[in-house]
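To be precise, the following lines are work.pdb, and they hold PDB, C-alpha atoms, pLDDT in the B column.
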```pdb
ATOM      1  CA  MET A   1       0.000   0.000   0.000  1.00 70.00           C
ATOM      2  CA  TYR A   2       1.565   3.252  -1.162  1.00 90.00           C
ATOM      3  CA  LEU A   3      -0.449   6.475  -1.460  1.00 97.00           C
ATOM      4  CA  GLN A   4       0.961   9.662  -2.953  1.00 97.00           C
ATOM      5  CA  ASP A   5       0.017  13.328  -3.234  1.00 97.00           C
ATOM      6  CA  GLY A   6       2.611  15.574  -4.845  1.00 96.00           C
ATOM      7  CA  GLU A   7       5.948  15.208  -3.088  1.00 96.00           C
ATOM      8  CA  THR A   8       4.405  13.370  -0.120  1.00 98.00           C
ATOM      9  CA  ALA A   9       3.718   9.658   0.130  1.00 98.00           C
ATOM     10  CA  ILE A  10       2.558   7.375   2.917  1.00 98.00           C
ATOM     11  CA  ARG A  11       3.218   3.662   3.221  1.00 97.00           C
ATOM     12  CA  PRO A  12       3.026   1.120   6.033  1.00 96.00           C
ATOM     13  CA  PHE A  13       6.057   1.013   8.289  1.00 94.00           C
ATOM     14  CA  ALA A  14       8.322  -1.996   7.870  1.00 91.00           C
ATOM     15  CA  LEU A  15      11.036  -3.428  10.082  1.00 90.00           C
ATOM     16  CA  GLU A  16      13.508  -2.190   7.443  1.00 94.00           C
ATOM     17  CA  ASP A  17      12.640   1.379   8.511  1.00 96.00           C
ATOM     18  CA  LEU A  18      14.338   0.896  11.875  1.00 97.00           C
ATOM     19  CA  ASP A  19      17.511   2.915  11.297  1.00 97.00           C
ATOM     20  CA  ALA A  20      15.752   5.770   9.488  1.00 97.00           C
ATOM     21  CA  LEU A  21      13.010   5.918  12.130  1.00 96.00           C
ATOM     22  CA  LEU A  22      15.488   5.915  15.008  1.00 97.00           C
ATOM     23  CA  GLU A  23      17.491   8.742  13.422  1.00 97.00           C
ATOM     24  CA  LEU A  24      14.311  10.718  12.760  1.00 96.00           C
ATOM     25  CA  ARG A  25      12.998  10.230  16.304  1.00 95.00           C
ATOM     26  CA  LEU A  26      16.333  11.195  17.877  1.00 96.00           C
ATOM     27  CA  SER A  27      16.733  14.286  15.700  1.00 95.00           C
ATOM     28  CA  SER A  28      13.111  15.283  16.495  1.00 94.00           C
ATOM     29  CA  ARG A  29      13.123  14.410  20.207  1.00 94.00           C
ATOM     30  CA  GLU A  30      13.089  17.991  21.494  1.00 94.00           C
ATOM     31  CA  GLN A  31      10.348  18.913  19.011  1.00 93.00           C
ATOM     32  CA  LEU A  32       8.158  15.906  19.902  1.00 91.00           C
ATOM     33  CA  GLU A  33       8.458  15.675  23.689  1.00 92.00           C
ATOM     34  CA  PRO A  34       5.989  18.512  24.502  1.00 92.00           C
ATOM     35  CA  TRP A  35       3.238  16.732  22.525  1.00 93.00           C
ATOM     36  CA  GLU A  36       3.705  13.066  23.438  1.00 92.00           C
ATOM     37  CA  PRO A  37       3.462  10.834  26.505  1.00 94.00           C
ATOM     38  CA  ALA A  38       6.584  10.630  28.654  1.00 93.00           C
ATOM     39  CA  ARG A  39       8.906   8.010  27.207  1.00 94.00           C
ATOM     40  CA  SER A  40      11.519   5.889  28.947  1.00 94.00           C
ATOM     41  CA  ASP A  41      15.130   6.246  27.843  1.00 94.00           C
ATOM     42  CA  ARG A  42      14.849   2.744  26.341  1.00 96.00           C
ATOM     43  CA  TRP A  43      12.131   3.953  23.946  1.00 95.00           C
ATOM     44  CA  TRP A  44      14.679   6.285  22.312  1.00 96.00           C
ATOM     45  CA  THR A  45      17.024   3.396  21.449  1.00 97.00           C
ATOM     46  CA  ARG A  46      17.301   1.005  18.524  1.00 97.00           C
ATOM     47  CA  GLU A  47      15.746  -1.715  20.695  1.00 97.00           C
ATOM     48  CA  GLY A  48      12.862   0.570  21.699  1.00 97.00           C
ATOM     49  CA  GLN A  49      12.108   1.594  18.124  1.00 97.00           C
ATOM     50  CA  ARG A  50      12.311  -2.019  16.961  1.00 97.00           C
ATOM     51  CA  ALA A  51       9.632  -2.855  19.538  1.00 97.00           C
ATOM     52  CA  GLU A  52       7.496   0.051  18.240  1.00 95.00           C
ATOM     53  CA  LEU A  53       7.830  -1.170  14.652  1.00 96.00           C
ATOM     54  CA  GLN A  54       6.861  -4.682  15.726  1.00 96.00           C
ATOM     55  CA  LEU A  55       3.748  -3.252  17.382  1.00 95.00           C
ATOM     56  CA  ASP A  56       2.997  -1.387  14.139  1.00 95.00           C
ATOM     57  CA  VAL A  57       3.207  -4.620  12.134  1.00 94.00           C
ATOM     58  CA  GLN A  58       0.933  -6.356  14.671  1.00 95.00           C
ATOM     59  CA  ALA A  59      -1.601  -3.494  14.536  1.00 96.00           C
ATOM     60  CA  TRP A  60      -1.807  -3.812  10.751  1.00 95.00           C
ATOM     61  CA  ALA A  61      -2.221  -7.580  10.982  1.00 95.00           C
ATOM     62  CA  GLY A  62      -4.984  -7.291  13.570  1.00 95.00           C
ATOM     63  CA  GLY A  63      -6.740  -4.303  11.990  1.00 95.00           C
ATOM     64  CA  THR A  64      -6.423  -2.333  15.242  1.00 96.00           C
ATOM     65  CA  GLY A  65      -4.225   0.382  13.775  1.00 97.00           C
ATOM     66  CA  TYR A  66      -2.684   1.612  10.563  1.00 98.00           C
ATOM     67  CA  PRO A  67       0.604   3.446  11.158  1.00 98.00           C
ATOM     68  CA  PHE A  68       2.214   4.933   8.060  1.00 98.00           C
ATOM     69  CA  ALA A  69       5.659   6.285   7.296  1.00 98.00           C
ATOM     70  CA  VAL A  70       5.518   9.743   5.719  1.00 98.00           C
ATOM     71  CA  VAL A  71       8.032  10.019   2.904  1.00 98.00           C
ATOM     72  CA  ASP A  72       9.334  13.160   1.188  1.00 97.00           C
ATOM     73  CA  LEU A  73       9.607  11.884  -2.382  1.00 96.00           C
ATOM     74  CA  ALA A  74      11.787  14.793  -3.558  1.00 95.00           C
ATOM     75  CA  ALA A  75      14.363  14.128  -0.822  1.00 94.00           C
ATOM     76  CA  GLY A  76      13.804  10.368  -0.866  1.00 93.00           C
ATOM     77  CA  GLU A  77      13.616  10.146   2.902  1.00 95.00           C
ATOM     78  CA  LEU A  78      11.340   9.331   5.817  1.00 97.00           C
ATOM     79  CA  VAL A  79      10.109  12.598   7.383  1.00 97.00           C
ATOM     80  CA  GLY A  80       7.349  11.606   9.802  1.00 97.00           C
ATOM     81  CA  ARG A  81       4.480   9.410  10.835  1.00 98.00           C
ATOM     82  CA  VAL A  82       0.705   9.474  10.429  1.00 98.00           C
ATOM     83  CA  SER A  83      -1.443   6.813  12.042  1.00 98.00           C
ATOM     84  CA  LEU A  84      -4.938   5.598  12.616  1.00 98.00           C
ATOM     85  CA  ALA A  85      -5.015   4.026  16.077  1.00 98.00           C
ATOM     86  CA  ASN A  86      -7.396   2.589  18.649  1.00 97.00           C
ATOM     87  CA  ILE A  87      -9.702   1.413  15.895  1.00 97.00           C
ATOM     88  CA  VAL A  88     -13.138   0.333  17.048  1.00 96.00           C
ATOM     89  CA  ARG A  89     -15.317  -1.576  14.604  1.00 95.00           C
ATOM     90  CA  GLY A  90     -18.987  -2.461  14.958  1.00 95.00           C
ATOM     91  CA  ALA A  91     -21.478   0.353  15.184  1.00 95.00           C
ATOM     92  CA  TRP A  92     -18.814   3.056  15.714  1.00 95.00           C
ATOM     93  CA  ARG A  93     -16.117   2.284  13.075  1.00 97.00           C
ATOM     94  CA  ASN A  94     -13.880   4.972  14.544  1.00 98.00           C
ATOM     95  CA  ALA A  95     -10.133   5.668  14.728  1.00 98.00           C
ATOM     96  CA  ASN A  96      -7.956   8.190  16.497  1.00 98.00           C
ATOM     97  CA  LEU A  97      -5.563  10.090  14.253  1.00 98.00           C
ATOM     98  CA  GLY A  98      -2.027  11.097  15.143  1.00 98.00           C
ATOM     99  CA  TYR A  99       0.655  12.737  13.024  1.00 97.00           C
ATOM    100  CA  TRP A 100       4.033  14.429  13.198  1.00 97.00           C
ATOM    101  CA  ILE A 101       6.622  15.663  10.762  1.00 97.00           C
ATOM    102  CA  ALA A 102      10.295  16.177  11.607  1.00 95.00           C
ATOM    103  CA  GLU A 103      11.146  19.827  12.104  1.00 91.00           C
ATOM    104  CA  ARG A 104      13.602  19.758   9.207  1.00 91.00           C
ATOM    105  CA  ALA A 105      10.705  18.897   6.853  1.00 92.00           C
ATOM    106  CA  THR A 106       7.958  21.159   8.258  1.00 89.00           C
ATOM    107  CA  ARG A 107       6.220  23.974   6.396  1.00 91.00           C
ATOM    108  CA  ARG A 108       6.314  22.060   3.100  1.00 92.00           C
ATOM    109  CA  GLY A 109       2.781  20.647   3.240  1.00 96.00           C
ATOM    110  CA  HIS A 110       3.800  17.110   4.181  1.00 98.00           C
ATOM    111  CA  ALA A 111       1.540  16.920   7.247  1.00 97.00           C
ATOM    112  CA  THR A 112      -1.520  18.227   5.414  1.00 98.00           C
ATOM    113  CA  ARG A 113      -0.987  15.910   2.441  1.00 98.00           C
ATOM    114  CA  ALA A 114      -0.217  12.904   4.679  1.00 98.00           C
ATOM    115  CA  VAL A 115      -3.401  13.457   6.698  1.00 98.00           C
ATOM    116  CA  ARG A 116      -5.471  13.762   3.513  1.00 98.00           C
ATOM    117  CA  LEU A 117      -3.935  10.513   2.262  1.00 98.00           C
ATOM    118  CA  VAL A 118      -4.602   8.650   5.502  1.00 98.00           C
ATOM    119  CA  LEU A 119      -8.202   9.900   5.469  1.00 98.00           C
ATOM    120  CA  ARG A 120      -8.589   8.495   1.957  1.00 98.00           C
ATOM    121  CA  PHE A 121      -7.237   5.180   3.250  1.00 98.00           C
ATOM    122  CA  ALA A 122      -9.552   5.278   6.295  1.00 98.00           C
ATOM    123  CA  PHE A 123     -12.732   5.913   4.379  1.00 98.00           C
ATOM    124  CA  GLU A 124     -12.048   4.197   1.039  1.00 97.00           C
ATOM    125  CA  HIS A 125     -10.014   1.151   2.118  1.00 97.00           C
ATOM    126  CA  ALA A 126     -10.339   0.523   5.865  1.00 97.00           C
ATOM    127  CA  GLY A 127     -14.126   0.897   6.016  1.00 97.00           C
ATOM    128  CA  LEU A 128     -14.085   3.464   8.820  1.00 98.00           C
ATOM    129  CA  HIS A 129     -16.911   5.928   9.359  1.00 98.00           C
ATOM    130  CA  ARG A 130     -15.217   8.461  11.653  1.00 98.00           C
ATOM    131  CA  VAL A 131     -11.674   9.703  12.276  1.00 98.00           C
ATOM    132  CA  GLN A 132     -10.795  12.017  15.147  1.00 98.00           C
ATOM    133  CA  PRO A 133      -7.589  13.768  16.145  1.00 98.00           C
ATOM    134  CA  ALA A 134      -7.211  15.154  19.669  1.00 98.00           C
ATOM    135  CA  ILE A 135      -4.990  18.250  19.735  1.00 98.00           C
ATOM    136  CA  ILE A 136      -3.501  20.185  22.655  1.00 98.00           C
ATOM    137  CA  PRO A 137      -5.005  23.684  22.325  1.00 98.00           C
ATOM    138  CA  ARG A 138      -1.609  25.425  22.168  1.00 97.00           C
ATOM    139  CA  ASN A 139      -0.410  23.191  19.295  1.00 97.00           C
ATOM    140  CA  GLU A 140      -1.095  25.693  16.543  1.00 96.00           C
ATOM    141  CA  ALA A 141       0.700  23.700  13.841  1.00 95.00           C
ATOM    142  CA  SER A 142      -1.492  20.634  14.424  1.00 96.00           C
ATOM    143  CA  GLN A 143      -4.610  22.777  14.555  1.00 97.00           C
ATOM    144  CA  GLY A 144      -3.622  24.307  11.229  1.00 97.00           C
ATOM    145  CA  VAL A 145      -3.413  20.868   9.639  1.00 98.00           C
ATOM    146  CA  ALA A 146      -6.801  19.863  11.095  1.00 98.00           C
ATOM    147  CA  HIS A 147      -8.436  22.999   9.693  1.00 98.00           C
ATOM    148  CA  ALA A 148      -6.704  22.686   6.314  1.00 97.00           C
ATOM    149  CA  VAL A 149      -8.045  19.175   5.705  1.00 97.00           C
ATOM    150  CA  GLY A 150     -11.569  20.038   6.880  1.00 97.00           C
ATOM    151  CA  PHE A 151     -11.925  18.540  10.343  1.00 98.00           C
ATOM    152  CA  ARG A 152     -14.616  20.143  12.458  1.00 98.00           C
ATOM    153  CA  LEU A 153     -14.017  21.049  16.085  1.00 98.00           C
ATOM    154  CA  GLU A 154     -16.362  19.169  18.394  1.00 98.00           C
ATOM    155  CA  GLY A 155     -15.216  20.500  21.751  1.00 98.00           C
ATOM    156  CA  ARG A 156     -12.600  20.418  24.455  1.00 98.00           C
ATOM    157  CA  ALA A 157     -11.920  17.368  26.606  1.00 98.00           C
ATOM    158  CA  LEU A 158     -10.451  18.412  29.947  1.00 98.00           C
ATOM    159  CA  ARG A 159      -7.394  16.545  31.243  1.00 98.00           C
ATOM    160  CA  TYR A 160      -7.809  14.154  28.306  1.00 97.00           C
ATOM    161  CA  LEU A 161      -4.343  12.602  27.948  1.00 96.00           C
ATOM    162  CA  GLN A 162      -1.208  12.518  30.067  1.00 97.00           C
ATOM    163  CA  ILE A 163       1.381  14.227  27.908  1.00 96.00           C
ATOM    164  CA  ASN A 164       4.969  14.542  29.042  1.00 91.00           C
ATOM    165  CA  GLY A 165       3.818  13.848  32.616  1.00 91.00           C
ATOM    166  CA  VAL A 166       0.944  16.384  32.692  1.00 96.00           C
ATOM    167  CA  TRP A 167      -2.791  15.783  32.185  1.00 98.00           C
ATOM    168  CA  GLU A 168      -3.471  18.023  29.188  1.00 97.00           C
ATOM    169  CA  ASP A 169      -6.744  19.344  27.793  1.00 98.00           C
ATOM    170  CA  HIS A 170      -7.304  18.418  24.138  1.00 98.00           C
ATOM    171  CA  ASP A 171      -9.559  19.820  21.450  1.00 98.00           C
ATOM    172  CA  ILE A 172     -11.430  16.986  19.755  1.00 98.00           C
ATOM    173  CA  TYR A 173     -11.836  17.259  16.004  1.00 98.00           C
ATOM    174  CA  ALA A 174     -13.680  14.813  13.763  1.00 98.00           C
ATOM    175  CA  MET A 175     -14.592  13.943  10.211  1.00 98.00           C
ATOM    176  CA  THR A 176     -17.032  11.312   9.013  1.00 98.00           C
ATOM    177  CA  ALA A 177     -17.053   9.402   5.758  1.00 98.00           C
ATOM    178  CA  GLU A 178     -19.946  11.563   4.522  1.00 98.00           C
ATOM    179  CA  GLU A 179     -17.971  14.755   5.187  1.00 97.00           C
ATOM    180  CA  PHE A 180     -14.938  13.284   3.433  1.00 97.00           C
ATOM    181  CA  LEU A 181     -17.026  12.439   0.356  1.00 95.00           C
ATOM    182  CA  GLU A 182     -18.419  15.986   0.258  1.00 95.00           C
ATOM    183  CA  ARG A 183     -14.847  17.340   0.129  1.00 88.00           C
ATOM    184  CA  SER A 184     -13.606  14.853  -2.473  1.00 81.00           C
TER     185      SER A 184
END
```
Any chance you could put this one into structure tokens?
Amino acid sequence: MYLQDGETAIRPFALEDLDALLELRLSSREQLEPWEPARSDRWWTREGQRAELQLDVQAWAGGTGYPFAVVDLAAGELVGRVSLANIVRGAWRNANLGYWIAERATRRGHATRAVRLVLRFAFEHAGLHRVQPAIIPRNEASQGVAHAVGFRLEGRALRYLQINGVWEDHDIYAMTAEEFLERS
């Protein structure tokens, strides 16, 4: 599975991405830490990232998540991650959306294009009905991506997730398959 929009592509992570992912995570650590759960020192190692990639492969196999590598086609390199996680089937058919782009590749449209691509995958291939990102209110870059692709703001969830050791409020955005079709 390989989806492309301009200079941005997404594809499932593979164990062969280990070295590139580790380098990208380490070079982006300072950028990412304010927006993610606290991580052990082990998580930032080759062993820790191998375990993450193995979980990604398992999520794909079980249909519980679809993590994608974001690739800058012009540079020919991995620049980030976009993922559908915590997938619930049945009557809800919902997924949480997460995304990040390495600082060295920001402001080039990769995040916006990657999110549009993963939405296409969610609604056209994975059979989901709803996708929702949760964004810390002060994360203006993430909010910009959510607005650019057409998510609607549903409200604020207080003390929603523990991020970097602090229970942070998050704005909940959503898009349904019907809304996606209207924009396509």
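Every protein or nucleic acid residue with an atom no more than 7 Å from region 32-42 of chain A, counting all atoms listed in the file and leaving out same-chain residues fewer than 4 positions away, appears here: Ser28, Gly48, Gln162, Ile163, Asn164 and Gly165 of chain A.
Between Glu77 (chain A) and the residues A:Ala148, A:Ala51, A:Ala95, A:Ile10, the shortest atom-to-atom distance, using only C-alpha atoms, involves A:Ile10.
Residues selected in this file by the PyMOL selection byres ((chain A and resi 158) around 8) comprise A:Arg156, A:Ala157, A:Arg159, A:Tyr160, A:Glu168, A:Asp169, A:His170.
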Selected residues written out with C-alpha atoms, as a PDB file, in the frame of the given file:
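File written: out.pdb
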```pdb
ATOM      1  CA  ARG A 156     -12.600  20.418  24.455  1.00 98.00           C
ATOM      2  CA  ALA A 157     -11.920  17.368  26.606  1.00 98.00           C
ATOM      3  CA  ARG A 159      -7.394  16.545  31.243  1.00 98.00           C
ATOM      4  CA  TYR A 160      -7.809  14.154  28.306  1.00 97.00           C
ATOM      5  CA  GLU A 168      -3.471  18.023  29.188  1.00 97.00           C
ATOM      6  CA  ASP A 169      -6.744  19.344  27.793  1.00 98.00           C
ATOM      7  CA  HIS A 170      -7.304  18.418  24.138  1.00 98.00           C
TER       8      HIS A 170
END
```
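Residues matching the PyMOL selection byres ((chain A and resi 58-73) around 7) in this structure come to A:Glu7, A:Thr8, A:Ala9, A:Ile10, A:Arg11, A:Pro12, A:Phe13, A:Gln54, A:Leu55, A:Asp56, A:Val57, A:Ala74, A:Ala75, A:Gly76, A:Glu77, A:Leu78, A:Val79, A:Gly80, A:Arg81, A:Val82, A:Ser83, A:Leu84, A:Ala85, A:Asn86, A:Ile87, A:Ala114.
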Could you expand the PyMOL selection byres ((chain A and resi 178) around 12) into the explicit residues it covers here, written as a short mmCIF file (atom, residue, chain, number, x, y, z; two decimals) with C-alpha atoms, in the coordinates of the input?
```
data_model
loop_
_atom_site.label_atom_id
_atom_site.label_comp_id
_atom_site.auth_asym_id
_atom_site.auth_seq_id
_atom_site.Cartn_x
_atom_site.Cartn_y
_atom_site.Cartn_z
CA LEU A 119 -8.20 9.90 5.47
CA PHE A 123 -12.73 5.91 4.38
CA GLU A 124 -12.05 4.20 1.04
CA LEU A 128 -14.08 3.46 8.82
CA HIS A 129 -16.91 5.93 9.36
CA ARG A 130 -15.22 8.46 11.65
CA VAL A 131 -11.67 9.70 12.28
CA ALA A 174 -13.68 14.81 13.76
CA MET A 175 -14.59 13.94 10.21
CA THR A 176 -17.03 11.31 9.01
CA ALA A 177 -17.05 9.40 5.76
CA GLU A 179 -17.97 14.76 5.19
CA PHE A 180 -14.94 13.28 3.43
CA LEU A 181 -17.03 12.44 0.36
CA GLU A 182 -18.42 15.99 0.26
CA ARG A 183 -14.85 17.34 0.13
CA SER A 184 -13.61 14.85 -2.47
#
```
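Compared by their closest atoms to Ser142 (chain A), and using only C-alpha atoms, the residues A:Ala122, A:Val166, A:Ala111, A:Ile172 rank with A:Ala111 nearest.
A straight line drawn from CA of Glu23 (chain A) to CA of Glu52 (chain A) is 14.1 Å long.
With distances taken over all atoms listed in the file, A:Ile101 is the one residue among A:Leu117, A:Ile135, A:Leu161, A:Ile101 lying closest to Leu24 (chain A).
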Quiz prompt | Point-to-point distance in Å for CA of Trp44 (chain A) and CA of Arg25 (chain A) | solution = 7.4 Å
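Going from CA of Trp43 (chain A) to CA of Leu21 (chain A) covers 12.0 Å.
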Quiz item: Which polymer residues have any atom within 10 Å of an atom of Leu153 (chain A), counting all atoms listed in the file, with same-chain residues fewer than 4 positions away left out, as a ChimeraX atom specification?
Solution: /A:132-134,143,146-147,171-175
Output C-alpha atoms for every residue in the selection just made, as a PDB file, in the frame of the given file.
```pdb
ATOM      1  CA  GLN A 132     -10.795  12.017  15.147  1.00 98.00           C
ATOM      2  CA  PRO A 133      -7.589  13.768  16.145  1.00 98.00           C
ATOM      3  CA  ALA A 134      -7.211  15.154  19.669  1.00 98.00           C
ATOM      4  CA  GLN A 143      -4.610  22.777  14.555  1.00 97.00           C
ATOM      5  CA  ALA A 146      -6.801  19.863  11.095  1.00 98.00           C
ATOM      6  CA  HIS A 147      -8.436  22.999   9.693  1.00 98.00           C
ATOM      7  CA  ASP A 171      -9.559  19.820  21.450  1.00 98.00           C
ATOM      8  CA  ILE A 172     -11.430  16.986  19.755  1.00 98.00           C
ATOM      9  CA  TYR A 173     -11.836  17.259  16.004  1.00 98.00           C
ATOM     10  CA  ALA A 174     -13.680  14.813  13.763  1.00 98.00           C
ATOM     11  CA  MET A 175     -14.592  13.943  10.211  1.00 98.00           C
TER      12      MET A 175
END
```
Practice problem: May I have the residues within 8 Å of Leu53 (chain A) as an MDAnalysis selection string, using only C-alpha atoms and disregarding those fewer than 6 positions away in the same chain? | Solution: chainID A and resid 13:15 18
